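I have placed the structure first, in the form of structure tokens, so that the comments after it can refer back to it.
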Amino acid sequence: MSNKTCFVIMPIGDQEFNGMKATADELKQRYNDLIKEAIQKADPLLEVVRADEVSEPGSITTDIITRIMQSHLVVAAATYPNPNVFYELGLRHACRVGTVIIRDKNGPKPPFDIVTLRHIEYENTPTGLKALSEKLRVLFPIWRKTQKNLITIFWMLQNSLVTPSQDMGKMSTQKKTRRSK
């Protein structure tokens with residue numbers, strides 16, 4: 001991977017949800033003509049890649065997980081409620097910050113699990129490409145600037161900086177202390 005990478009998480013095969021359909025070819029075209037183009041216009045120095053573009057020997061799962069964990073930025077296209085996209089998005093949220101969720105404005109309503117997460121809506125049009133690119137152009141430097149100061153809650157748990165409270169899962173920021181017997 002180059003110094004600055006952006007991995008795109010999105011469905012690769014045919015999708016159907018609530019009567020809305022998108023073929024693998026349509027999704028690939030959307031990636032090439034809109035998503036990848038918008039990312040590259042926002043930051044021409046980023047290496048942008050989607051899982052089916054990786055042609056290295058070995059397991060594709062290993063390649064995907066490595067890119068999820070090591071890419072500077074991840075753009076997750078969450079228009080369709082695809083289990084692989086949600087799994088990969090969850091992995092990224094658990095291990096590293098720097099994730100941008102995008103979704104087609106005219107797509108199905110987002111599922112409950114991600115409806116509260118901030119996302120950028122776009123339109124699959126030339127004007128939509130321009131608008132998405134501009135939003136990403138503004139957002140990417142902010143992520144880079146703050147990324148060093150942000151850590152995930154899972155990292156905090158692992159390093160005993162927070163502990164799950166006994167009060168319905170609320171998090172306590174008090175450092176764990178060992179009780180003496």
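By order in the structure tokens, chains are A, B, ...; within a chain, residues start at 1; ligands start at 1, following the order shown.
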Check your understanding: Excluding same-chain residues fewer than 2 positions from Glu121 of chain A, what lies within 12 Å of it counting only C-alpha atoms, as a list of chain:residue names?
Key ->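 Contacts, with the query itself left out: A:Ile35, A:Ala76, A:Ala77, A:Ala78, A:Thr79, A:Val100, A:Ile101, A:Ile102, A:Arg103, A:Asp104, A:Lys105, A:Asn106, A:Gly107, A:Pro108, A:Lys109, A:Pro110, A:Arg118, A:His119, A:Glu123, A:Asn124, A:Gly128, A:Leu129, A:Ala131, A:Leu132, A:Ser133, A:Lys135, A:Leu136.
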So that I have them on file, write out the residues from the current selection with N, CA and C atoms, as a short mmCIF file (atom, residue, chain, number, x, y, z; two decimals), in the first residue's frame.
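As a result, part27.cif now contains:
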```
data_model
loop_
_atom_site.label_atom_id
_atom_site.label_comp_id
_atom_site.auth_asym_id
_atom_site.auth_seq_id
_atom_site.Cartn_x
_atom_site.Cartn_y
_atom_site.Cartn_z
N ILE A 35 -17.89 7.18 -6.99
CA ILE A 35 -17.24 7.09 -5.68
C ILE A 35 -15.73 7.29 -5.79
N ALA A 76 -17.11 3.84 3.33
CA ALA A 76 -18.06 2.72 3.32
C ALA A 76 -19.34 3.17 2.63
N ALA A 77 -19.64 2.52 1.50
CA ALA A 77 -20.87 2.82 0.77
C ALA A 77 -21.97 1.93 1.34
N ALA A 78 -22.85 2.52 2.12
CA ALA A 78 -23.84 1.76 2.88
C ALA A 78 -25.26 1.98 2.36
N THR A 79 -25.40 2.13 1.06
CA THR A 79 -26.73 2.34 0.48
C THR A 79 -27.59 1.10 0.66
N VAL A 100 -15.55 7.18 6.62
CA VAL A 100 -16.60 8.03 6.10
C VAL A 100 -17.67 7.12 5.52
N ILE A 101 -18.90 7.28 5.98
CA ILE A 101 -20.01 6.49 5.44
C ILE A 101 -20.74 7.35 4.42
N ILE A 102 -20.96 6.77 3.24
CA ILE A 102 -21.72 7.46 2.21
C ILE A 102 -22.90 6.59 1.81
N ARG A 103 -23.94 7.24 1.31
CA ARG A 103 -25.10 6.48 0.83
C ARG A 103 -25.86 7.29 -0.21
N ASP A 104 -26.44 6.57 -1.15
CA ASP A 104 -27.23 7.19 -2.20
C ASP A 104 -28.49 7.80 -1.59
N LYS A 105 -28.71 9.07 -1.88
CA LYS A 105 -29.86 9.79 -1.35
C LYS A 105 -31.18 9.11 -1.74
N ASN A 106 -31.20 8.47 -2.89
CA ASN A 106 -32.42 7.82 -3.38
C ASN A 106 -32.47 6.32 -3.05
N GLY A 107 -31.55 5.85 -2.26
CA GLY A 107 -31.51 4.44 -1.88
C GLY A 107 -32.49 4.13 -0.77
N PRO A 108 -32.52 2.86 -0.36
CA PRO A 108 -33.40 2.47 0.74
C PRO A 108 -33.01 3.18 2.04
N LYS A 109 -33.97 3.29 2.92
CA LYS A 109 -33.72 3.89 4.23
C LYS A 109 -32.65 3.07 4.95
N PRO A 110 -31.69 3.74 5.61
CA PRO A 110 -30.64 2.98 6.31
C PRO A 110 -31.23 2.13 7.44
N ARG A 118 -23.20 9.37 11.47
CA ARG A 118 -23.11 10.45 10.48
C ARG A 118 -22.70 9.86 9.14
N HIS A 119 -23.31 10.38 8.11
CA HIS A 119 -22.99 9.91 6.76
C HIS A 119 -23.19 11.04 5.77
N GLU A 123 -25.99 12.00 -4.74
CA GLU A 123 -26.86 11.63 -5.86
C GLU A 123 -25.99 11.05 -6.95
N ASN A 124 -26.47 10.01 -7.60
CA ASN A 124 -25.71 9.32 -8.63
C ASN A 124 -25.85 10.07 -9.96
N GLY A 128 -24.04 15.25 -8.48
CA GLY A 128 -23.81 14.51 -7.25
C GLY A 128 -22.34 14.18 -7.04
N LEU A 129 -21.64 13.85 -8.13
CA LEU A 129 -20.20 13.58 -8.08
C LEU A 129 -19.47 14.82 -7.57
N ALA A 131 -20.66 17.37 -5.84
CA ALA A 131 -21.02 17.66 -4.45
C ALA A 131 -20.34 16.69 -3.48
N LEU A 132 -20.32 15.40 -3.83
CA LEU A 132 -19.66 14.41 -2.96
C LEU A 132 -18.17 14.70 -2.87
N SER A 133 -17.56 15.01 -3.98
CA SER A 133 -16.14 15.33 -3.99
C SER A 133 -15.83 16.53 -3.10
N LYS A 135 -17.59 17.64 -0.51
CA LYS A 135 -17.78 17.26 0.90
C LYS A 135 -16.59 16.46 1.41
N LEU A 136 -16.10 15.53 0.60
CA LEU A 136 -14.93 14.74 0.98
C LEU A 136 -13.68 15.61 1.06
#
```
**Study point:** In segment 49-162 of chain A, DSSP alpha helix (DSSP H) residues written as a count of residues only
**Key:** 56
Exercise for review: Pick out the closest residue to His72 of chain A from this set: A:Asn84, A:Thr116, A:Asn3, A:Gln40. Count only C-alpha atoms.
Suggested key: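 The shortest atom-to-atom distance to His72 of chain A comes from A:Asn3.
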Polymer residues at most 9 Å from segment 51-53 of chain A, only C-alpha atoms, same-chain spacing of 6 or more positions, as a short mmCIF file (atom, residue, chain, number, x, y, z; two decimals) with C-alpha atoms, in the first residue's frame:
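Listing of selection_18.cif after writing:
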```cif
data_model
loop_
_atom_site.label_atom_id
_atom_site.label_comp_id
_atom_site.auth_asym_id
_atom_site.auth_seq_id
_atom_site.Cartn_x
_atom_site.Cartn_y
_atom_site.Cartn_z
CA PHE A 7 -10.11 1.55 0.98
CA VAL A 8 -13.68 1.52 -0.28
CA ILE A 9 -16.09 -0.87 1.41
CA MET A 10 -19.15 -1.58 -0.71
CA ILE A 12 -19.55 -6.17 -5.07
CA ILE A 60 -9.00 -12.07 -0.30
CA ASP A 63 -6.34 -8.58 2.01
CA ILE A 64 -9.65 -6.96 2.98
CA ARG A 67 -6.72 -2.84 4.19
#
```
Point to revise | Interatomic distance, atom CA of Pro44 of chain A to atom CA of Ser71 of chain A (Å, one decimal) | key: 15.6 Å
Practice item. Per DSSP on the backbone, filter segment 14-176 of chain A down to the residues in strand (DSSP E) and report them as a PyMOL selection string. Key: chain A and resi 15-17+20-22+47-50+73-77+99-104+120-122+163-164+171-172
What does the file look like for those residues with N, CA and C atoms, as a PDB file, in the first residue's frame?
```
ATOM      1  N   GLN A  15     -27.328  -6.696  -5.817  1.00  0.00           N
ATOM      2  CA  GLN A  15     -28.018  -6.328  -4.585  1.00  0.00           C
ATOM      3  C   GLN A  15     -29.495  -6.147  -4.853  1.00  0.00           C
ATOM      4  N   GLU A  16     -30.314  -6.557  -3.895  1.00  0.00           N
ATOM      5  CA  GLU A  16     -31.752  -6.326  -3.973  1.00  0.00           C
ATOM      6  C   GLU A  16     -32.268  -6.100  -2.560  1.00  0.00           C
ATOM      7  N   PHE A  17     -33.051  -5.038  -2.410  1.00  0.00           N
ATOM      8  CA  PHE A  17     -33.616  -4.747  -1.102  1.00  0.00           C
ATOM      9  C   PHE A  17     -34.899  -3.957  -1.298  1.00  0.00           C
ATOM     10  N   MET A  20     -35.729  -2.639  -4.676  1.00  0.00           N
ATOM     11  CA  MET A  20     -34.679  -1.888  -5.376  1.00  0.00           C
ATOM     12  C   MET A  20     -33.574  -2.867  -5.755  1.00  0.00           C
ATOM     13  N   LYS A  21     -33.105  -2.777  -6.999  1.00  0.00           N
ATOM     14  CA  LYS A  21     -32.078  -3.697  -7.480  1.00  0.00           C
ATOM     15  C   LYS A  21     -30.892  -2.923  -8.028  1.00  0.00           C
ATOM     16  N   ALA A  22     -29.719  -3.499  -7.856  1.00  0.00           N
ATOM     17  CA  ALA A  22     -28.491  -2.979  -8.452  1.00  0.00           C
ATOM     18  C   ALA A  22     -27.639  -4.178  -8.834  1.00  0.00           C
ATOM     19  N   GLU A  47      -4.317   6.687  -2.809  1.00  0.00           N
ATOM     20  CA  GLU A  47      -4.494   5.466  -3.583  1.00  0.00           C
ATOM     21  C   GLU A  47      -5.857   4.917  -3.177  1.00  0.00           C
ATOM     22  N   VAL A  48      -6.794   4.833  -4.119  1.00  0.00           N
ATOM     23  CA  VAL A  48      -8.152   4.373  -3.842  1.00  0.00           C
ATOM     24  C   VAL A  48      -8.301   2.967  -4.394  1.00  0.00           C
ATOM     25  N   VAL A  49      -8.808   2.052  -3.560  1.00  0.00           N
ATOM     26  CA  VAL A  49      -8.938   0.669  -3.998  1.00  0.00           C
ATOM     27  C   VAL A  49     -10.175   0.029  -3.385  1.00  0.00           C
ATOM     28  N   ARG A  50     -10.773  -0.856  -4.148  1.00  0.00           N
ATOM     29  CA  ARG A  50     -11.909  -1.669  -3.711  1.00  0.00           C
ATOM     30  C   ARG A  50     -11.439  -3.111  -3.707  1.00  0.00           C
ATOM     31  N   LEU A  73      -7.738   6.073   5.341  1.00  0.00           N
ATOM     32  CA  LEU A  73      -9.160   6.387   5.303  1.00  0.00           C
ATOM     33  C   LEU A  73      -9.917   5.194   4.739  1.00  0.00           C
ATOM     34  N   VAL A  74     -11.141   5.034   5.179  1.00  0.00           N
ATOM     35  CA  VAL A  74     -12.051   4.043   4.614  1.00  0.00           C
ATOM     36  C   VAL A  74     -13.350   4.763   4.291  1.00  0.00           C
ATOM     37  N   VAL A  75     -13.817   4.533   3.073  1.00  0.00           N
ATOM     38  CA  VAL A  75     -15.126   5.042   2.674  1.00  0.00           C
ATOM     39  C   VAL A  75     -16.036   3.837   2.557  1.00  0.00           C
ATOM     40  N   ALA A  76     -17.107   3.837   3.326  1.00  0.00           N
ATOM     41  CA  ALA A  76     -18.060   2.722   3.317  1.00  0.00           C
ATOM     42  C   ALA A  76     -19.340   3.169   2.626  1.00  0.00           C
ATOM     43  N   ALA A  77     -19.641   2.525   1.502  1.00  0.00           N
ATOM     44  CA  ALA A  77     -20.871   2.815   0.768  1.00  0.00           C
ATOM     45  C   ALA A  77     -21.971   1.926   1.342  1.00  0.00           C
ATOM     46  N   THR A  99     -13.201   6.776   9.153  1.00  0.00           N
ATOM     47  CA  THR A  99     -14.176   6.134   8.292  1.00  0.00           C
ATOM     48  C   THR A  99     -15.249   7.138   7.902  1.00  0.00           C
ATOM     49  N   VAL A 100     -15.547   7.179   6.622  1.00  0.00           N
ATOM     50  CA  VAL A 100     -16.602   8.035   6.104  1.00  0.00           C
ATOM     51  C   VAL A 100     -17.671   7.116   5.522  1.00  0.00           C
ATOM     52  N   ILE A 101     -18.901   7.283   5.978  1.00  0.00           N
ATOM     53  CA  ILE A 101     -20.011   6.491   5.441  1.00  0.00           C
ATOM     54  C   ILE A 101     -20.737   7.353   4.420  1.00  0.00           C
ATOM     55  N   ILE A 102     -20.962   6.768   3.245  1.00  0.00           N
ATOM     56  CA  ILE A 102     -21.716   7.458   2.211  1.00  0.00           C
ATOM     57  C   ILE A 102     -22.901   6.593   1.810  1.00  0.00           C
ATOM     58  N   ARG A 103     -23.943   7.241   1.311  1.00  0.00           N
ATOM     59  CA  ARG A 103     -25.099   6.480   0.829  1.00  0.00           C
ATOM     60  C   ARG A 103     -25.858   7.293  -0.208  1.00  0.00           C
ATOM     61  N   ASP A 104     -26.441   6.569  -1.152  1.00  0.00           N
ATOM     62  CA  ASP A 104     -27.233   7.189  -2.204  1.00  0.00           C
ATOM     63  C   ASP A 104     -28.487   7.800  -1.587  1.00  0.00           C
ATOM     64  N   ILE A 120     -22.634  10.847   4.600  1.00  0.00           N
ATOM     65  CA  ILE A 120     -22.794  11.809   3.516  1.00  0.00           C
ATOM     66  C   ILE A 120     -23.724  11.186   2.484  1.00  0.00           C
ATOM     67  N   GLU A 121     -24.785  11.898   2.162  1.00  0.00           N
ATOM     68  CA  GLU A 121     -25.676  11.440   1.109  1.00  0.00           C
ATOM     69  C   GLU A 121     -25.211  12.037  -0.219  1.00  0.00           C
ATOM     70  N   TYR A 122     -25.341  11.258  -1.271  1.00  0.00           N
ATOM     71  CA  TYR A 122     -24.966  11.738  -2.593  1.00  0.00           C
ATOM     72  C   TYR A 122     -26.044  11.359  -3.592  1.00  0.00           C
ATOM     73  N   THR A 163     -14.079   1.361  31.774  1.00  0.00           N
ATOM     74  CA  THR A 163     -14.627   0.075  32.180  1.00  0.00           C
ATOM     75  C   THR A 163     -16.130   0.087  31.960  1.00  0.00           C
ATOM     76  N   PRO A 164     -16.676  -1.037  31.540  1.00  0.00           N
ATOM     77  CA  PRO A 164     -18.130  -1.094  31.434  1.00  0.00           C
ATOM     78  C   PRO A 164     -18.753  -0.925  32.813  1.00  0.00           C
ATOM     79  N   MET A 171     -20.622   3.732  30.015  1.00  0.00           N
ATOM     80  CA  MET A 171     -19.180   3.654  30.152  1.00  0.00           C
ATOM     81  C   MET A 171     -18.698   4.619  31.237  1.00  0.00           C
ATOM     82  N   SER A 172     -17.797   4.144  32.065  1.00  0.00           N
ATOM     83  CA  SER A 172     -17.174   4.973  33.077  1.00  0.00           C
ATOM     84  C   SER A 172     -15.759   5.288  32.617  1.00  0.00           C
TER      85      SER A 172
END
```
Check your understanding: Please, what distance in Å, to one decimal, runs between atom CA of Pro141 of chain A and atom CA of Ile68 of chain A?
Key -> 19.3 Å
Check your understanding: Out of A:Met69, A:Leu89, A:Val54, A:Leu46, which residue has the shortest atom-to-atom distance to Pro11 of chain A when counting only C-alpha atoms?
Key ->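 The answer is A:Leu89, which sits nearest to Pro11 of chain A.
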Practice item. Please measure the separation of atom CA of Ile65 of chain A and atom CA of Val138 of chain A, giving the value in Å to one decimal. Key: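 Interatomic distance, atom CA of Ile65 of chain A to atom CA of Val138 of chain A: 27.0 Å.
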Revision key, fill the gap. Closest of A:Tyr80, A:Val85, A:Lys130, A:Gly90 to Gly19 of chain A, counting only C-alpha atoms, is A:Tyr80
Revision key, fill the gap. The residue from A:Ile39, A:Gly13, A:Gly58, A:Cys95 with the smallest atom-to-atom distance to Leu27 of chain A, counting only C-alpha atoms, is A:Gly13
